[in-house]
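This is my_file-v5.txt (compact mmCIF, C-alpha atoms).
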```
# COMPACT_ATOMS: atom_id res chain seq x y z
CA MET A 1 0.00 0.00 0.00
CA LYS A 2 0.98 3.63 -0.44
CA GLU A 3 1.08 6.04 2.46
CA SER A 4 -1.63 8.14 0.76
CA LEU A 5 -4.09 5.34 1.59
CA MET A 6 -3.97 6.61 5.18
CA ASP A 7 -6.19 9.54 4.06
CA ILE A 8 -8.94 7.08 3.21
CA ILE A 9 -8.94 4.09 5.52
CA VAL A 10 -10.50 3.94 8.97
CA CYS A 11 -10.96 1.23 11.59
CA PRO A 12 -13.62 -1.18 10.21
CA VAL A 13 -15.10 -1.63 13.68
CA ASP A 14 -15.57 1.94 14.97
CA LYS A 15 -14.60 4.02 11.87
CA HIS A 16 -11.98 6.04 13.75
CA ASP A 17 -8.60 7.03 12.30
CA LEU A 18 -5.71 4.60 12.06
CA GLU A 19 -2.07 5.17 12.89
CA LEU A 20 0.63 3.71 10.68
CA ALA A 21 3.85 2.01 11.83
CA VAL A 22 6.10 0.94 8.94
CA ASP A 23 8.30 -2.16 9.20
CA GLU A 24 9.44 -2.44 5.62
CA GLU A 25 9.28 -0.03 2.70
CA GLU A 26 10.18 -0.39 -0.96
CA ALA A 27 10.26 2.73 -3.14
CA ASP A 28 6.96 4.41 -2.14
CA GLU A 29 5.25 1.13 -1.23
CA ILE A 30 4.73 0.05 2.36
CA VAL A 31 5.40 -3.69 2.25
CA SER A 32 4.83 -4.56 5.90
CA GLY A 33 3.75 -2.76 9.02
CA THR A 34 0.90 -2.26 11.44
CA LEU A 35 -2.21 -0.07 11.49
CA THR A 36 -3.53 0.81 14.94
CA CYS A 37 -6.93 2.33 15.69
CA THR A 38 -6.50 5.59 17.58
CA GLU A 39 -9.76 4.91 19.44
CA CYS A 40 -10.14 1.20 20.26
CA GLY A 41 -6.47 0.23 19.90
CA GLU A 42 -7.19 -2.73 17.59
CA THR A 43 -4.25 -3.53 15.29
CA TYR A 44 -4.33 -4.51 11.62
CA PRO A 45 -1.28 -5.99 9.88
CA ILE A 46 0.10 -4.98 6.47
CA GLU A 47 1.55 -8.04 4.73
CA ASP A 48 3.10 -8.25 1.25
CA GLY A 49 1.91 -4.71 0.56
CA ILE A 50 -1.73 -5.58 1.36
CA PRO A 51 -3.35 -4.20 4.52
CA ASN A 52 -5.55 -6.71 6.30
CA LEU A 53 -8.54 -4.70 7.51
CA LEU A 54 -10.71 -7.69 8.31
CA PRO A 55 -12.32 -7.12 11.73
CA PRO A 56 -10.61 -9.27 14.39
CA ASP A 57 -13.45 -11.81 14.63
CA MET A 58 -13.19 -12.59 10.91
CA ARG A 59 -9.42 -12.56 10.73
CA ASP A 60 -9.17 -15.76 12.78
CA GLU A 61 -12.01 -17.42 10.96
CA VAL A 62 -10.52 -17.03 7.48
CA GLU A 63 -6.83 -17.56 8.27
CA ALA A 64 -6.05 -20.85 6.54
CA MET B 65 -13.10 -28.16 0.85
CA LYS B 66 -15.85 -25.71 1.78
CA GLY B 67 -16.63 -22.69 -0.39
CA LYS B 68 -14.89 -20.13 1.78
CA GLU B 69 -11.68 -22.13 2.16
CA TRP B 70 -11.71 -23.10 -1.49
CA TYR B 71 -11.84 -19.43 -2.48
CA GLN B 72 -8.84 -18.57 -0.31
CA ALA B 73 -6.49 -21.35 -1.37
CA ASP B 74 -3.36 -20.23 -3.25
CA ASP B 75 -3.69 -22.73 -6.10
CA VAL B 76 -7.34 -21.86 -6.64
CA ALA B 77 -6.42 -18.15 -6.86
CA GLN B 78 -3.60 -18.85 -9.31
CA GLU B 79 -5.84 -20.78 -11.69
CA TYR B 80 -8.96 -18.73 -11.12
CA ASP B 81 -8.85 -16.51 -14.22
CA ASP B 82 -7.63 -19.28 -16.53
CA LYS B 83 -10.41 -21.63 -15.50
CA ARG B 84 -13.17 -19.08 -15.78
CA PHE B 85 -12.33 -16.57 -18.41
CA SER B 86 -10.34 -18.34 -21.11
CA ASP B 87 -11.98 -20.08 -24.10
CA GLY B 88 -15.78 -19.65 -23.98
CA GLY B 89 -15.44 -17.78 -20.69
CA ARG B 90 -14.05 -14.83 -22.65
CA HIS B 91 -17.60 -13.95 -23.70
CA ILE B 92 -18.61 -13.68 -20.05
CA ASP B 93 -15.56 -11.58 -19.19
CA ARG B 94 -16.22 -9.20 -22.08
CA ARG B 95 -19.91 -8.74 -21.23
CA GLU B 96 -19.20 -8.14 -17.55
CA LYS B 97 -16.54 -5.54 -18.27
CA GLN B 98 -18.93 -3.77 -20.62
CA ALA B 99 -21.61 -3.81 -17.91
CA VAL B 100 -19.25 -2.21 -15.38
CA LEU B 101 -18.08 0.51 -17.78
CA GLU B 102 -21.65 1.32 -18.83
CA ALA B 103 -22.86 1.54 -15.25
CA LEU B 104 -20.03 3.72 -14.00
CA GLY B 105 -19.76 6.02 -17.01
CA PRO B 106 -16.49 7.93 -17.56
CA VAL B 107 -14.28 7.03 -14.58
CA ASP B 108 -11.26 9.23 -15.27
CA GLY B 109 -10.30 10.84 -11.95
CA GLN B 110 -13.19 9.16 -10.11
CA ARG B 111 -12.85 7.34 -6.80
CA VAL B 112 -14.13 3.81 -7.21
CA LEU B 113 -14.43 0.92 -4.76
CA GLU B 114 -14.81 -2.68 -5.87
CA ILE B 115 -16.19 -5.11 -3.29
CA ALA B 116 -15.11 -8.77 -3.62
CA CYS B 117 -12.63 -7.79 -6.34
CA GLY B 118 -11.01 -11.25 -6.43
CA THR B 119 -8.13 -11.28 -8.89
CA GLY B 120 -8.86 -7.68 -9.88
CA ARG B 121 -10.30 -8.13 -13.38
CA PHE B 122 -12.37 -4.95 -13.05
CA THR B 123 -10.12 -3.14 -10.58
CA VAL B 124 -7.24 -3.17 -13.06
CA MET B 125 -9.47 -2.33 -16.02
CA LEU B 126 -10.83 0.75 -14.22
CA ALA B 127 -7.34 1.90 -13.28
CA GLU B 128 -6.46 1.64 -16.97
CA HIS B 129 -9.42 3.93 -17.64
CA GLY B 130 -8.00 6.52 -15.25
CA ALA B 131 -9.95 5.77 -12.07
CA ASP B 132 -8.49 5.87 -8.59
CA VAL B 133 -9.51 2.37 -7.46
CA VAL B 134 -9.62 0.37 -4.27
CA GLY B 135 -10.18 -3.39 -4.55
CA LEU B 136 -11.39 -5.14 -1.39
CA ASP B 137 -11.63 -8.88 -0.90
CA ILE B 138 -11.63 -11.42 1.92
CA SER B 139 -8.88 -13.51 0.29
CA GLY B 140 -5.21 -12.58 0.47
CA ALA B 141 -4.40 -15.17 -2.21
CA MET B 142 -6.81 -13.55 -4.69
CA LEU B 143 -5.46 -10.07 -3.94
CA ALA B 144 -1.88 -11.21 -4.53
CA GLN B 145 -3.01 -12.18 -8.04
CA GLY B 146 -4.66 -8.78 -8.39
CA ARG B 147 -1.49 -6.93 -7.43
CA GLU B 148 0.48 -8.96 -9.96
CA LYS B 149 -2.08 -8.14 -12.65
CA ALA B 150 -1.92 -4.42 -11.79
CA ARG B 151 1.88 -4.51 -11.90
CA ARG B 152 1.86 -6.13 -15.36
CA ALA B 153 -0.63 -3.51 -16.57
CA GLY B 154 1.55 -0.72 -15.14
CA VAL B 155 -1.25 0.72 -12.98
CA LEU B 156 -0.05 -0.08 -9.45
CA ASP B 157 0.01 3.68 -8.76
CA ALA B 158 -3.75 3.98 -9.30
CA VAL B 159 -4.79 0.83 -7.40
CA GLU B 160 -4.89 -0.24 -3.77
CA PHE B 161 -5.87 -3.74 -2.72
CA MET B 162 -6.91 -4.67 0.81
CA ARG B 163 -8.48 -7.48 2.78
CA GLY B 164 -11.72 -6.52 4.43
CA ASP B 165 -15.28 -7.46 5.35
CA ALA B 166 -17.95 -6.17 2.97
CA ALA B 167 -20.34 -5.71 5.90
CA ARG B 168 -17.87 -3.51 7.85
CA LEU B 169 -15.98 -1.42 5.33
CA PRO B 170 -12.90 0.50 6.51
CA PHE B 171 -13.97 3.77 4.86
CA PRO B 172 -15.78 6.92 5.97
CA ASP B 173 -19.30 7.78 4.69
CA ASP B 174 -19.72 9.06 1.10
CA HIS B 175 -16.09 8.64 0.20
CA PHE B 176 -16.39 7.05 -3.27
CA ASP B 177 -18.06 8.23 -6.47
CA ALA B 178 -19.00 4.67 -7.28
CA VAL B 179 -19.06 1.37 -5.38
CA PHE B 180 -19.71 -1.92 -7.14
CA ALA B 181 -19.65 -5.71 -6.67
CA MET B 182 -19.70 -8.33 -9.43
CA ARG B 183 -20.51 -12.00 -8.76
CA PHE B 184 -20.90 -11.18 -5.12
CA PHE B 185 -24.57 -11.07 -4.22
CA HIS B 186 -25.16 -14.68 -5.21
CA LEU B 187 -22.72 -15.64 -2.42
CA ALA B 188 -23.97 -13.09 0.09
CA ASP B 189 -25.69 -14.55 3.13
CA THR B 190 -26.80 -11.11 4.33
CA PRO B 191 -27.29 -9.09 1.12
CA ARG B 192 -29.16 -6.27 2.88
CA ALA B 193 -26.27 -5.56 5.26
CA PHE B 194 -23.78 -5.58 2.39
CA LEU B 195 -25.85 -3.29 0.19
CA ARG B 196 -26.42 -0.87 3.06
CA GLU B 197 -22.69 -0.64 3.65
CA MET B 198 -22.01 -0.07 -0.07
CA ALA B 199 -24.57 2.74 -0.05
CA ARG B 200 -22.97 4.27 3.04
CA VAL B 201 -19.54 4.73 1.47
CA SER B 202 -20.80 5.84 -1.98
CA LYS B 203 -21.92 9.36 -2.73
CA GLU B 204 -23.41 8.50 -6.10
CA ILE B 205 -23.45 5.09 -7.80
CA VAL B 206 -23.96 1.58 -6.45
CA PHE B 207 -23.77 -1.20 -9.05
CA PHE B 208 -24.08 -4.99 -8.75
CA ASP B 209 -25.26 -8.09 -10.56
CA THR B 210 -27.56 -10.93 -9.54
CA PHE B 211 -28.34 -14.39 -10.83
CA ASN B 212 -32.01 -14.80 -11.52
CA ARG B 213 -34.41 -17.14 -9.83
CA PHE B 214 -36.57 -17.94 -12.84
CA SER B 215 -33.91 -18.89 -15.39
CA SER B 216 -31.48 -21.57 -16.56
CA ARG B 217 -29.43 -20.59 -13.52
CA SER B 218 -31.87 -22.49 -11.31
CA VAL B 219 -30.79 -25.73 -12.96
CA TYR B 220 -27.10 -24.85 -13.20
CA ASN B 221 -27.05 -23.99 -9.51
CA TRP B 222 -27.48 -27.64 -8.57
CA LEU B 223 -24.05 -28.37 -10.01
CA LEU B 224 -22.06 -25.73 -8.13
CA PRO B 225 -19.57 -26.31 -5.30
CA MET B 226 -20.70 -23.20 -3.41
CA GLY B 227 -24.25 -22.34 -2.47
CA SER B 228 -25.64 -19.64 -4.70
CA ARG B 229 -28.49 -17.26 -3.95
CA LEU B 230 -30.90 -16.43 -6.74
CA TYR B 231 -32.97 -13.27 -6.88
CA ALA B 232 -36.33 -12.38 -8.33
CA ARG B 233 -36.90 -8.82 -9.49
CA PHE B 234 -39.08 -7.90 -6.52
CA GLU B 235 -36.35 -9.06 -4.13
CA VAL B 236 -33.84 -6.70 -5.70
CA GLU B 237 -36.37 -3.86 -5.58
CA ASP B 238 -37.06 -4.57 -1.90
CA LEU B 239 -33.36 -4.59 -1.06
CA LEU B 240 -32.77 -1.28 -2.82
CA GLY B 241 -35.79 0.30 -1.16
CA ASP B 242 -34.76 -0.92 2.28
CA VAL B 243 -31.35 0.73 2.10
CA GLY B 244 -32.57 3.94 0.44
CA LEU B 245 -31.14 3.38 -3.05
CA HIS B 246 -32.93 4.24 -6.30
CA LEU B 247 -32.79 2.03 -9.36
CA VAL B 248 -31.53 4.09 -12.31
CA GLY B 249 -30.48 1.44 -14.82
CA GLU B 250 -30.73 -2.26 -15.53
CA ALA B 251 -29.65 -4.81 -18.11
CA HIS B 252 -30.42 -8.52 -18.43
CA ASP B 253 -28.38 -11.09 -20.27
CA PHE B 254 -27.31 -14.71 -20.69
CA VAL B 255 -30.35 -16.84 -21.36
CA LEU B 256 -27.80 -19.67 -21.39
CA PRO B 257 -25.91 -20.15 -18.10
CA TYR B 258 -22.23 -19.25 -17.59
CA GLY B 259 -21.23 -22.88 -17.04
CA LEU B 260 -22.08 -23.76 -20.61
CA TYR B 261 -19.75 -21.08 -21.98
CA ARG B 262 -16.89 -22.15 -19.79
CA GLU B 263 -16.98 -25.74 -20.97
CA ILE B 264 -16.57 -25.12 -24.67
CA PRO B 265 -13.89 -23.73 -27.01
CA ASP B 266 -13.99 -20.10 -28.06
CA GLU B 267 -15.22 -20.60 -31.64
CA VAL B 268 -18.22 -22.66 -30.56
CA ALA B 269 -18.92 -20.19 -27.75
CA GLY B 270 -19.04 -17.39 -30.33
CA HIS B 271 -21.98 -19.08 -32.08
CA LEU B 272 -23.60 -19.88 -28.78
CA ARG B 273 -23.31 -16.25 -27.72
CA GLU B 274 -24.98 -15.09 -30.97
CA MET B 275 -27.82 -17.50 -30.36
CA ASP B 276 -28.05 -16.31 -26.77
CA MET B 277 -28.30 -12.68 -27.83
CA GLY B 278 -30.98 -13.67 -30.35
CA LEU B 279 -33.01 -15.35 -27.61
CA ARG B 280 -32.63 -12.38 -25.34
CA GLY B 281 -33.88 -10.09 -28.09
CA SER B 282 -37.09 -12.11 -28.29
CA ALA B 283 -40.25 -11.22 -26.42
CA LEU B 284 -39.45 -13.59 -23.57
CA GLY B 285 -35.75 -12.77 -23.55
CA GLU B 286 -35.56 -10.48 -20.58
CA LYS B 287 -37.63 -12.83 -18.45
CA LEU B 288 -35.37 -15.76 -19.30
CA ALA B 289 -32.07 -13.99 -18.69
CA SER B 290 -29.94 -15.68 -16.03
CA VAL B 291 -27.96 -12.56 -15.10
CA SER B 292 -29.16 -9.04 -14.27
CA TYR B 293 -27.05 -5.90 -13.86
CA TRP B 294 -28.50 -3.25 -11.54
CA THR B 295 -27.37 0.37 -11.35
CA ALA B 296 -28.64 2.40 -8.39
CA SER B 297 -28.05 5.90 -7.11
CA VAL B 298 -27.79 7.11 -3.54
```

What is this structure when it is put down as structure tokens?
Amino acid sequence: MKESLMDIIVCPVDKHDLELAVDEEEADEIVSGTLTCTECGETYPIEDGIPNLLPPDMRDEVEA
Amino acid sequence: MKGKEWYQADDVAQEYDDKRFSDGGRHIDRREKQAVLEALGPVDGQRVLEIACGTGRFTVMLAEHGADVVGLDISGAMLAQGREKARRAGVLDAVEFMRGDAARLPFPDDHFDAVFAMRFFHLADTPRAFLREMARVSKEIVFFDTFNRFSSRSVYNWLLPMGSRLYARFEVEDLLGDVGLHLVGEAHDFVLPYGLYREIPDEVAGHLREMDMGLRGSALGEKLASVSYWTASV
């Protein structure tokens, strides 16, 4: 994902803003990192350039 | 393997486009892309969200047409294919893919000019909740397709690995009304079911498609169509 995506995305649960922590960056792509809700504190991982914004209850269910 | 797991397996994602949209399946792919472009109108500079984008067939196409697109799906394996497709097309700059739940979208109200979902509502267990959420994040267009209850799809459905929900016209109208959307456009196609196209080589499918369009042009055609495309406004 690109950092500009931060202007758009919100926490899927309470729709509050997210805070970005970058682990790995390539050119202007964020390859891995963590998104944290500024309200409820829930965290969402970024893996292989794709943020996983599945709500926590679904994340476990679909992880193969 | 159950439907949900099947959809998220790496090998299924890798072969997904080849299995569905090569040979006779090309006619389906072409018609669906036309439906999306017609419903959305000129997309240059528009913000578009695709729900259940899978391998990004439409996401990438819209980026090529100048849209600023987000593709959302439950499956990481499908999205990895989508990113690869966007990279090959040279449109990674205009596309973002993310995993998410269609019933709890990670976007603020009225953010997108258009929100759409193809091949999604037949798998939706709670269509009303999904449609309401699509309407929430769109400020103008909501577009989706359905498979029809009174059509060849009813027979074809028996053969499918995943359950598939069929809709009658009044059910679509009820759904739209319930979430405050207004129907502004519709199209109906494929008297013959998708499965038939997928099983045969391209040249035979071409003739089949001509016959199909002939049937659809007949008096009964619209009633017999197995697929409907619905365009609504907020």

Item to check | For atom CA of Phe194 of chain B and atom CA of Ser4 of chain A, the interatomic separation in Å (one decimal) | outcome: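 Atom CA of Ser4 of chain A lies 26.1 Å from atom CA of Phe194 of chain B.
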
Item to check | Interface, chain A side, toward chain B (6 Å; all atoms listed in the file) as number ranges by chain | outcome: A: 9-12, 50-54

Kindly export the residues of the current selection with C-alpha atoms, as an mmCIF file, in the coordinates of the input.
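And here is the file that came out, result_25.cif:
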```
data_model
loop_
_atom_site.group_PDB
_atom_site.id
_atom_site.type_symbol
_atom_site.label_atom_id
_atom_site.label_comp_id
_atom_site.auth_asym_id
_atom_site.auth_seq_id
_atom_site.Cartn_x
_atom_site.Cartn_y
_atom_site.Cartn_z
ATOM 1 C CA ILE A 9 -8.940 4.090 5.520
ATOM 2 C CA VAL A 10 -10.500 3.940 8.970
ATOM 3 C CA CYS A 11 -10.960 1.230 11.590
ATOM 4 C CA PRO A 12 -13.620 -1.180 10.210
ATOM 5 C CA ILE A 50 -1.730 -5.580 1.360
ATOM 6 C CA PRO A 51 -3.350 -4.200 4.520
ATOM 7 C CA ASN A 52 -5.550 -6.710 6.300
ATOM 8 C CA LEU A 53 -8.540 -4.700 7.510
ATOM 9 C CA LEU A 54 -10.710 -7.690 8.310
#
```

Next on the checklist: Give me, as a count of residues only, all polymer residues having an atom no more than 8 Å from Leu35 of chain A, counting only C-alpha atoms and skipping those fewer than 2 positions away in the same chain.
Outcome noted: 10

Item to check | atom CA of Asp253 of chain B to atom CA of Val291 of chain B, straight-line distance in Å | outcome: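 Taking atom CA of Val291 of chain B and atom CA of Asp253 of chain B, their separation equals 5.4 Å.
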
Item to check | Val31 of chain A environment, 9 Å, only C-alpha atoms, sequence neighbours closer than 6 positions dropped, as number ranges by chain | outcome: A: 1-2, 22-25, 46-50

Checklist entry - Which one is closest to Glu128 of chain B: B:Ile115, B:Ala158, B:Leu272, B:Leu104? Count all atoms listed in the file. => result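 Closest candidate: B:Ala158.
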